[in-house]
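Coordinates as given in input.csv (CSV, C-alpha atoms and all ligand atoms):
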chain,number,residue,atom,x,y,z
G,1,MET,CA,-1.1,10.7,-16.2
G,2,ILE,CA,-0.6,10.3,-12.5
G,3,GLY,CA,0.2,13.6,-10.7
G,4,LYS,CA,-0.7,15.9,-13.6
G,5,LYS,CA,-3.2,17.5,-11.3
G,6,ILE,CA,-2.3,17.6,-7.6
G,7,TYR,CA,-4.5,19.1,-4.8
G,8,LYS,CA,-2.5,19.9,-1.6
G,9,PHE,CA,-3.9,20.6,1.8
G,10,GLU,CA,-2.5,21.3,5.2
G,11,LYS,CA,-5.2,19.2,6.8
G,12,LEU,CA,-8.0,17.0,5.7
G,13,ASP,CA,-10.2,14.4,7.5
G,14,SER,CA,-9.0,11.8,5.0
G,15,THR,CA,-7.5,12.2,1.6
G,16,ASN,CA,-9.5,9.1,0.4
G,17,ASP,CA,-12.8,10.8,1.4
G,18,TYR,CA,-11.8,14.1,-0.3
G,19,ALA,CA,-10.7,12.2,-3.4
G,20,SER,CA,-14.1,10.3,-3.4
G,21,LYS,CA,-15.9,13.6,-3.4
G,22,ILE,CA,-14.1,15.0,-6.5
G,23,ALA,CA,-13.6,11.6,-8.3
G,24,LYS,CA,-16.4,11.9,-10.8
G,25,GLU,CA,-15.4,15.2,-12.3
G,26,SER,CA,-11.6,14.6,-12.0
G,27,ALA,CA,-9.3,13.2,-14.6
G,28,GLU,CA,-7.6,9.9,-14.0
G,29,GLY,CA,-4.4,10.3,-12.1
G,30,THR,CA,-5.5,13.3,-10.0
G,31,VAL,CA,-3.7,13.2,-6.7
G,32,VAL,CA,-4.9,14.6,-3.3
G,33,ILE,CA,-2.2,15.2,-0.6
G,34,ALA,CA,-2.6,16.3,3.0
G,35,ASP,CA,0.2,17.3,5.5
G,36,CYS,CA,-1.9,15.6,8.2
G,37,GLN,CA,-5.3,13.9,8.5
G,38,SER,CA,-7.7,14.1,11.4
G,39,LYS,CA,-9.6,10.9,10.5
G,40,GLY,CA,-7.1,8.9,8.5
G,41,LYS,CA,-8.6,5.6,7.5
G,42,GLY,CA,-6.8,2.3,7.7
G,43,THR,CA,-8.0,-1.1,6.5
G,44,PRO,CA,-11.7,-1.4,7.2
G,45,GLY,CA,-12.7,-0.4,10.7
G,46,LYS,CA,-9.3,0.9,11.7
G,47,THR,CA,-8.0,4.4,12.0
G,48,TRP,CA,-4.6,5.5,10.5
G,49,PHE,CA,-2.2,7.6,12.6
G,50,SER,CA,-1.5,10.6,10.3
G,51,PRO,CA,0.5,13.3,11.9
G,52,GLU,CA,2.6,15.9,10.0
G,53,GLY,CA,5.8,14.4,8.5
G,54,GLY,CA,4.1,11.4,6.8
G,55,ILE,CA,3.1,11.1,3.2
G,56,TRP,CA,-0.7,10.8,3.1
G,57,LEU,CA,-2.1,10.8,-0.4
G,58,SER,CA,-4.8,9.4,-2.6
G,59,VAL,CA,-4.8,8.8,-6.4
G,60,ILE,CA,-8.0,8.8,-8.4
G,61,LEU,CA,-7.8,6.0,-11.0
G,62,LYS,CA,-10.4,4.8,-13.5
G,63,PRO,CA,-9.3,1.3,-14.3
G,64,LYS,CA,-11.4,-1.2,-16.3
G,65,SER,CA,-11.0,-3.6,-13.5
G,66,ALA,CA,-10.1,-2.8,-9.8
G,67,SER,CA,-8.2,-6.1,-9.6
G,68,CYS,CA,-4.7,-5.8,-8.3
G,69,ILE,CA,-4.8,-2.0,-7.9
G,70,SER,CA,-3.7,-2.2,-4.2
G,71,LEU,CA,-1.0,-4.8,-5.1
G,72,MET,CA,0.2,-2.4,-7.9
G,73,ALA,CA,0.4,0.5,-5.3
G,74,SER,CA,2.4,-1.7,-2.8
G,75,VAL,CA,5.0,-2.5,-5.5
G,76,ALA,CA,5.3,1.3,-6.3
G,77,VAL,CA,5.8,2.0,-2.6
G,78,TYR,CA,8.3,-0.8,-2.2
G,79,GLU,CA,10.4,0.6,-5.1
G,80,THR,CA,10.2,4.1,-3.7
G,81,LEU,CA,11.4,3.1,-0.3
G,82,LYS,CA,14.0,0.7,-1.7
G,83,SER,CA,15.4,3.7,-3.7
G,84,LEU,CA,16.0,5.3,-0.3
G,85,LYS,CA,18.0,2.2,0.6
G,86,LEU,CA,15.5,1.1,3.3
G,87,PRO,CA,15.4,-2.7,3.8
G,88,VAL,CA,11.7,-3.1,3.0
G,89,ARG,CA,9.6,-6.1,2.1
G,90,ILE,CA,5.9,-6.5,1.1
G,91,LYS,CA,3.6,-8.3,3.5
G,92,TRP,CA,0.5,-9.8,1.8
G,93,PRO,CA,-1.7,-8.3,0.7
G,94,ASN,CA,-0.2,-4.8,0.5
G,95,ASP,CA,1.6,-3.7,3.6
G,96,VAL,CA,5.2,-2.5,3.3
G,97,MET,CA,7.3,-3.6,6.2
G,98,ILE,CA,10.7,-3.2,7.8
G,99,LYS,CA,11.4,-6.3,9.8
G,100,ASN,CA,8.1,-6.9,11.6
G,101,LYS,CA,7.0,-3.3,11.6
G,102,LYS,CA,4.8,-1.5,9.1
G,103,ILE,CA,6.1,1.5,7.4
G,104,SER,CA,3.3,1.9,4.8
G,105,GLY,CA,-0.2,0.8,4.0
G,106,VAL,CA,-2.6,1.0,1.1
G,107,LEU,CA,-6.4,1.4,1.2
G,108,THR,CA,-8.2,1.2,-2.1
G,109,GLU,CA,-11.8,2.1,-2.2
G,110,ALA,CA,-14.2,1.7,-5.1
G,111,HIS,CA,-16.2,4.8,-5.9
G,112,GLY,CA,-19.1,4.7,-8.4
G,113,LYS,CA,-18.7,2.4,-11.4
G,114,ASN,CA,-15.3,3.2,-12.6
G,115,ASN,CA,-13.4,5.1,-9.9
G,116,ALA,CA,-10.9,3.5,-7.6
G,117,ILE,CA,-9.4,5.7,-4.9
G,118,VAL,CA,-6.0,4.4,-4.0
G,119,GLY,CA,-5.0,5.8,-0.6
G,120,ILE,CA,-1.3,5.4,0.4
G,121,GLY,CA,0.2,6.2,3.7
G,122,ILE,CA,4.0,6.2,4.2
G,123,ASN,CA,5.4,6.8,7.7
G,124,LEU,CA,8.3,9.1,6.5
G,125,ASN,CA,9.4,11.7,9.0
G,126,ILE,CA,7.6,10.5,12.1
G,127,PRO,CA,9.9,10.7,15.1
G,128,GLU,CA,7.6,8.8,17.5
G,129,PHE,CA,4.5,6.6,17.6
G,130,PRO,CA,1.8,6.4,20.3
G,131,ASN,CA,2.4,3.5,22.8
G,132,GLU,CA,-0.2,1.2,21.2
G,133,LEU,CA,1.6,1.5,17.8
G,134,LYS,CA,5.2,1.3,19.0
G,135,SER,CA,5.6,-2.5,18.5
G,136,VAL,CA,3.9,-2.6,15.1
G,137,ALA,CA,4.8,0.6,13.3
G,138,THR,CA,8.0,2.3,12.2
G,139,SER,CA,9.1,5.2,10.1
G,140,ALA,CA,11.9,6.0,7.7
G,141,MET,CA,13.1,8.6,10.2
G,142,LEU,CA,13.2,6.1,13.0
G,143,GLU,CA,15.0,3.5,10.9
G,144,ARG,CA,17.6,6.1,9.7
G,145,GLY,CA,17.9,8.6,12.5
G,146,LYS,CA,17.4,11.5,10.0
G,147,ALA,CA,14.6,13.3,8.1
G,148,PHE,CA,14.0,12.7,4.4
G,149,ASN,CA,13.1,15.4,1.8
G,150,LYS,CA,9.4,14.7,1.7
G,151,GLN,CA,8.7,16.4,-1.7
G,152,LYS,CA,11.5,14.3,-3.3
G,153,VAL,CA,10.0,11.1,-2.0
G,154,ILE,CA,6.5,12.1,-3.2
G,155,ASN,CA,8.0,12.8,-6.6
G,156,ILE,CA,9.6,9.3,-6.7
G,157,LEU,CA,6.4,7.7,-5.5
G,158,ILE,CA,4.3,9.4,-8.2
G,159,LYS,CA,6.7,8.3,-10.9
G,160,GLN,CA,6.7,4.8,-9.6
G,161,LEU,CA,2.9,4.7,-9.5
G,162,GLU,CA,2.8,5.9,-13.1
G,163,LYS,CA,5.2,3.1,-14.1
G,164,LYS,CA,3.5,0.3,-12.2
G,165,TYR,CA,0.0,1.3,-13.2
G,166,SER,CA,1.1,1.2,-16.8
G,167,LEU,CA,2.7,-2.3,-16.2
G,168,LEU,CA,-0.5,-3.5,-14.6
G,169,LYS,CA,-2.5,-2.5,-17.7
G,170,LYS,CA,0.0,-3.8,-20.3
G,171,LYS,CA,2.0,-6.6,-18.6
G,172,LYS,CA,0.1,-7.7,-15.5
G,173,GLU,CA,2.2,-10.9,-15.4
G,174,LYS,CA,5.3,-8.9,-15.0
G,175,LEU,CA,3.9,-6.9,-12.1
G,176,LEU,CA,2.7,-10.0,-10.3
G,177,LYS,CA,6.2,-11.4,-10.7
G,178,GLU,CA,7.7,-8.3,-9.1
G,179,TRP,CA,5.2,-8.5,-6.2
G,180,LYS,CA,6.1,-12.2,-5.7
G,181,LYS,CA,9.8,-11.4,-5.5
G,182,TYR,CA,9.3,-8.5,-3.1
G,183,ALA,CA,6.9,-10.4,-0.8
G,184,ASN,CA,9.0,-13.6,-0.9
G,185,ILE,CA,6.1,-15.7,0.4
G,186,ILE,CA,5.6,-18.4,-2.2
G,187,GLY,CA,6.5,-21.8,-0.8
G,188,LYS,CA,6.3,-20.6,2.8
G,189,GLN,CA,4.2,-22.2,5.5
G,190,ILE,CA,1.9,-19.5,7.0
G,191,LYS,CA,-0.7,-18.9,9.6
G,192,ILE,CA,-3.4,-16.5,8.5
G,193,ASN,CA,-6.2,-15.0,10.5
G,194,ILE,CA,-9.4,-14.7,8.5
G,195,SER,CA,-12.1,-12.9,10.6
G,196,GLY,CA,-11.0,-14.7,13.7
G,197,GLU,CA,-10.5,-18.1,12.1
G,198,LEU,CA,-6.9,-19.2,12.0
G,199,VAL,CA,-5.9,-21.1,8.9
G,200,GLU,CA,-2.5,-22.7,8.3
G,201,GLY,CA,-1.0,-23.9,5.1
G,202,LYS,CA,1.7,-23.6,2.5
G,203,VAL,CA,1.5,-20.7,0.0
G,204,LYS,CA,1.5,-22.1,-3.5
G,205,ASP,CA,1.1,-18.9,-5.5
G,206,ILE,CA,-1.0,-15.7,-5.9
G,207,ASP,CA,-3.7,-15.8,-8.6
G,208,ASP,CA,-4.4,-13.1,-11.3
G,209,ASN,CA,-6.5,-11.1,-8.8
G,210,GLY,CA,-3.9,-11.1,-6.1
G,211,ALA,CA,-5.6,-13.8,-4.0
G,212,LEU,CA,-3.3,-16.0,-2.0
G,213,MET,CA,-3.5,-19.7,-2.9
G,214,VAL,CA,-2.8,-21.7,0.2
G,215,GLU,CA,-2.4,-25.5,0.3
G,216,MET,CA,-4.1,-26.9,3.4
G,217,ALA,CA,-3.1,-29.9,5.4
G,218,GLY,CA,-5.2,-32.3,3.3
G,219,GLY,CA,-3.7,-31.0,0.1
G,220,LYS,CA,-6.7,-28.8,-0.9
G,221,VAL,CA,-5.9,-25.4,-2.2
G,222,LYS,CA,-7.8,-22.5,-0.7
G,223,LYS,CA,-8.0,-19.0,-2.3
G,224,ILE,CA,-7.7,-16.3,0.3
G,225,THR,CA,-8.6,-12.7,-0.5
G,226,THR,CA,-8.7,-11.1,2.9
G,227,GLY,CA,-7.0,-11.8,6.2
G,228,THR,CA,-3.9,-11.0,8.2
G,229,ILE,CA,-0.9,-13.2,8.1
G,230,SER,CA,-0.1,-13.8,11.8
G,231,ALA,CA,3.0,-15.9,11.4
G,232,GLU,CA,5.4,-17.1,8.7
G,233,LEU,CA,6.7,-20.5,9.8
E,1,LIG,C1,-3.8,0.2,6.1
E,1,LIG,O1,-4.4,0.1,7.2
E,1,LIG,O2,-2.8,-0.5,5.9
E,1,LIG,C2,-4.1,1.2,5.1
E,1,LIG,C3,-3.7,2.6,5.4
E,1,LIG,C4,-4.0,3.6,4.4
E,1,LIG,C5,-3.7,5.0,4.9
E,1,LIG,C6,-3.8,6.1,3.8
E,1,LIG,S1,-3.2,7.6,4.3
E,1,LIG,C7,-3.8,8.4,2.8
E,1,LIG,C8,-5.2,7.7,2.6
E,1,LIG,N1,-6.2,8.4,3.3
E,1,LIG,C9,-6.8,7.7,4.2
E,1,LIG,O3,-7.7,8.1,5.0
E,1,LIG,N2,-6.2,6.5,4.3
E,1,LIG,C10,-5.2,6.3,3.3

How would this structure read if it were set down as structure tokens?
Ligand code: BTN
Amino acid sequence: MIGKKIYKFEKLDSTNDYASKIAKESAEGTVVIADCQSKGKGTPGKTWFSPEGGIWLSVILKPKSASCISLMASVAVYETLKSLKLPVRIKWPNDVMIKNKKISGVLTEAHGKNNAIVGIGINLNIPEFPNELKSVATSAMLERGKAFNKQKVINILIKQLEKKYSLLKKKKEKLLKEWKKYANIIGKQIKINISGELVEGKVKDIDDNGALMVEMAGGKVKKITTGTISAEL
């Protein structure tokens, strides 16, 4: 059960790193939360701005397969923020956006054979971002001009994670369908940056593992597992 055991800290380097350390001896569903992180980790190689006011948490999961774990978490975040009436959408693979600014990101790290550490960052009550993030990041507070009750939002998120994780295990097709609806990308012409190489094509579908299936100019379909969508045409 997600959230049966919750560890709370005022400050950690990274909730993902702490969760990795205790993963082996912890039950599935254990949650690690910090009010702020001094070395928050973003998608590989990047840091994650983690001041007080945001939701920075990691969940220890022990899935049979790590496939679609991040996708599942992004659907749970989407539902959580949607319930606050924020106009969110999912951006492949698992960013949650408001217009073209990111409000939440997910970083799943495998640990040992069966442990997946699912790190979720939500910019909730963050009044201001550093200059370099201003054009790419937003927070619930900035969108609404008011603070949200953080504990309430954490409770909704944990419930949603429980629900979507169970859906992933029992009815993966249904979860993928929800993701497709929230990401609204199937059929769109996109430009995607894969380690510096720009690929352009039409999104046909996502496969069972959450990979993007993109039809290239010649009609060949390419499976894309990592990359950043730079433009939706
Ligand atoms: C991304 O770059 O989109 C992923 C961001 C993930 C941030 C969260 S905050 C809680 C957890 N601990 C970390 O160090 N990172 C993740």

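If only C-alpha atoms are the atoms counted, then among G:Ala66, G:Ser50, G:Ser14, G:Gly121 the closest residue to Leu157 (chain G) is G:Gly121.
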
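As for atom O2 of ligand LIG 1 (chain E) and CA of Gly42 (chain G), they are spaced 5.2 Å apart.
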
Min atom-atom distance to ligand LIG 1 (chain E) from the set G:Leu81, G:Val118, G:Ala23, G:Leu86, counting all atoms listed in the file, belongs to G:Val118

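A straight line drawn from CA of Ile192 (chain G) to atom O2 of ligand LIG 1 (chain E) is 16.2 Å long.
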
Margin query: Can you pull out every residue with an atom within 6 Å of ligand LIG 1 (chain E)? Use all atoms listed in the file and format it as a VMD selection string.
Written below: chain G and resid 14 to 16 40 to 43 48 56 to 58 95 105 to 107 119 to 121

With all atoms listed in the file as the counted atoms, please give the residues lying no more than 12 Å from Ser74 (chain G), apart from itself and same-chain residues fewer than 5 positions off, as number ranges by chain.
G: 68-69, 79-82, 88-97, 103-108, 118-122, 157, 160-161, 164-165, 175-176, 178-180, 182-183, 210

In terms of only C-alpha atoms, the residue from G:Val31, G:Gly196, G:Ser26, G:Gly227 at minimal distance from Ile158 (chain G) is G:Val31

(Q) List as a PyMOL selection string the protein and nucleic acid residues near Thr226 (chain G), meaning an atom at most 9 Å away when all atoms listed in the file are counted, but skip any in the same chain fewer than 4 places from it. (A) chain G and resi 93+193-195+211-212

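If you measure from each of G:Glu232, G:Gly3, G:Lys223, G:Lys159 to Gly187 (chain G) using all atoms listed in the file, the closest one turns out to be G:Glu232.
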
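With distances taken over all atoms listed in the file, G:Val221 is the one residue among G:Lys181, G:Val221, G:Ile186, G:Lys85 lying closest to Val199 (chain G).
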
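Across the model, the gap from CA of Ile117 (chain G) to CA of Ser20 (chain G) is 6.7 Å.
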
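Of the residues listed (G:Ser70, G:Asn100, G:Asn155, G:Asn209), G:Asn100 shows the shortest atom-to-atom separation from Val136 (chain G); distances use only C-alpha atoms.
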
message = List as a ChimeraX atom specification the protein and nucleic acid residues near Ser166 (chain G), meaning an atom at most 12 Å away when all atoms listed in the file are counted, but skip any in the same chain fewer than 3 places from it.
response = /G:1-2,29,61,63,69,72-73,76,159-163,169-172,174-175

Mind rebuilding region 46-57 of chain G with all heavy atoms and writing that out as a short mmCIF file (atom, residue, chain, number, x, y, z; two decimals), in the coordinates of the input?
data_model
loop_
_atom_site.label_atom_id
_atom_site.label_comp_id
_atom_site.auth_asym_id
_atom_site.auth_seq_id
_atom_site.Cartn_x
_atom_site.Cartn_y
_atom_site.Cartn_z
N LYS G 46 -10.39 0.38 10.91
CA LYS G 46 -9.30 0.90 11.70
C LYS G 46 -8.99 2.37 11.35
O LYS G 46 -9.28 2.81 10.25
CB LYS G 46 -8.01 0.08 11.42
CG LYS G 46 -8.11 -1.32 11.98
CD LYS G 46 -6.75 -1.98 11.91
CE LYS G 46 -6.82 -3.44 12.31
NZ LYS G 46 -5.76 -4.23 11.74
N THR G 47 -8.37 3.08 12.30
CA THR G 47 -8.00 4.40 12.00
C THR G 47 -6.47 4.39 11.60
O THR G 47 -5.80 3.41 11.88
CB THR G 47 -8.11 5.39 13.19
OG1 THR G 47 -7.39 4.83 14.28
CG2 THR G 47 -9.57 5.57 13.56
N TRP G 48 -6.02 5.44 10.94
CA TRP G 48 -4.60 5.50 10.50
C TRP G 48 -3.95 6.71 11.09
O TRP G 48 -4.38 7.84 10.82
CB TRP G 48 -4.56 5.49 8.97
CG TRP G 48 -3.17 5.47 8.42
CD1 TRP G 48 -2.47 6.53 7.94
CD2 TRP G 48 -2.30 4.32 8.29
NE1 TRP G 48 -1.22 6.12 7.52
CE2 TRP G 48 -1.10 4.77 7.71
CE3 TRP G 48 -2.44 2.95 8.59
CZ2 TRP G 48 -0.04 3.93 7.44
CZ3 TRP G 48 -1.37 2.11 8.32
CH2 TRP G 48 -0.19 2.59 7.75
N PHE G 49 -2.97 6.50 11.93
CA PHE G 49 -2.20 7.60 12.60
C PHE G 49 -1.56 8.45 11.50
O PHE G 49 -0.72 7.95 10.75
CB PHE G 49 -1.18 6.92 13.50
CG PHE G 49 -0.30 7.87 14.25
CD1 PHE G 49 -0.83 8.78 15.16
CD2 PHE G 49 1.08 7.83 14.08
CE1 PHE G 49 -0.01 9.64 15.88
CE2 PHE G 49 1.92 8.68 14.79
CZ PHE G 49 1.37 9.59 15.69
N SER G 50 -1.98 9.72 11.39
CA SER G 50 -1.50 10.60 10.30
C SER G 50 -1.05 11.94 10.68
O SER G 50 -1.63 12.96 10.28
CB SER G 50 -2.68 10.74 9.26
OG SER G 50 -3.44 9.59 9.06
N PRO G 51 0.00 12.02 11.49
CA PRO G 51 0.50 13.30 11.90
C PRO G 51 1.34 13.99 10.78
O PRO G 51 1.64 13.34 9.76
CB PRO G 51 1.38 13.02 13.09
CG PRO G 51 1.94 11.68 12.75
CD PRO G 51 0.86 10.94 12.00
N GLU G 52 1.72 15.24 10.98
CA GLU G 52 2.60 15.90 10.00
C GLU G 52 3.92 15.10 9.92
O GLU G 52 4.37 14.51 10.90
CB GLU G 52 2.95 17.30 10.55
CG GLU G 52 2.43 18.37 9.63
CD GLU G 52 2.60 19.73 10.22
OE1 GLU G 52 3.75 20.21 10.26
OE2 GLU G 52 1.58 20.30 10.64
N GLY G 53 4.51 15.11 8.73
CA GLY G 53 5.80 14.40 8.50
C GLY G 53 5.60 13.15 7.68
O GLY G 53 6.54 12.70 7.03
N GLY G 54 4.39 12.60 7.66
CA GLY G 54 4.10 11.40 6.80
C GLY G 54 3.67 11.80 5.44
O GLY G 54 3.36 12.97 5.17
N ILE G 55 3.62 10.82 4.56
CA ILE G 55 3.10 11.10 3.20
C ILE G 55 1.67 10.44 3.22
O ILE G 55 1.52 9.21 3.37
CB ILE G 55 3.94 10.41 2.12
CG1 ILE G 55 5.32 11.09 2.10
CG2 ILE G 55 3.26 10.49 0.76
CD1 ILE G 55 6.30 10.49 1.12
N TRP G 56 0.66 11.29 3.10
CA TRP G 56 -0.70 10.80 3.10
C TRP G 56 -1.33 11.29 1.79
O TRP G 56 -1.56 12.48 1.60
CB TRP G 56 -1.52 11.38 4.29
CG TRP G 56 -0.72 11.48 5.58
CD1 TRP G 56 -0.53 12.60 6.32
CD2 TRP G 56 -0.04 10.43 6.28
NE1 TRP G 56 0.23 12.31 7.43
CE2 TRP G 56 0.56 10.99 7.42
CE3 TRP G 56 0.14 9.06 6.04
CZ2 TRP G 56 1.32 10.24 8.33
CZ3 TRP G 56 0.90 8.32 6.94
CH2 TRP G 56 1.46 8.89 8.06
N LEU G 57 -1.52 10.37 0.86
CA LEU G 57 -2.10 10.80 -0.40
C LEU G 57 -3.01 9.77 -1.02
O LEU G 57 -2.97 8.59 -0.68
CB LEU G 57 -0.94 11.17 -1.42
CG LEU G 57 0.05 10.13 -1.95
CD1 LEU G 57 -0.57 9.26 -3.03
CD2 LEU G 57 1.24 10.83 -2.54
#
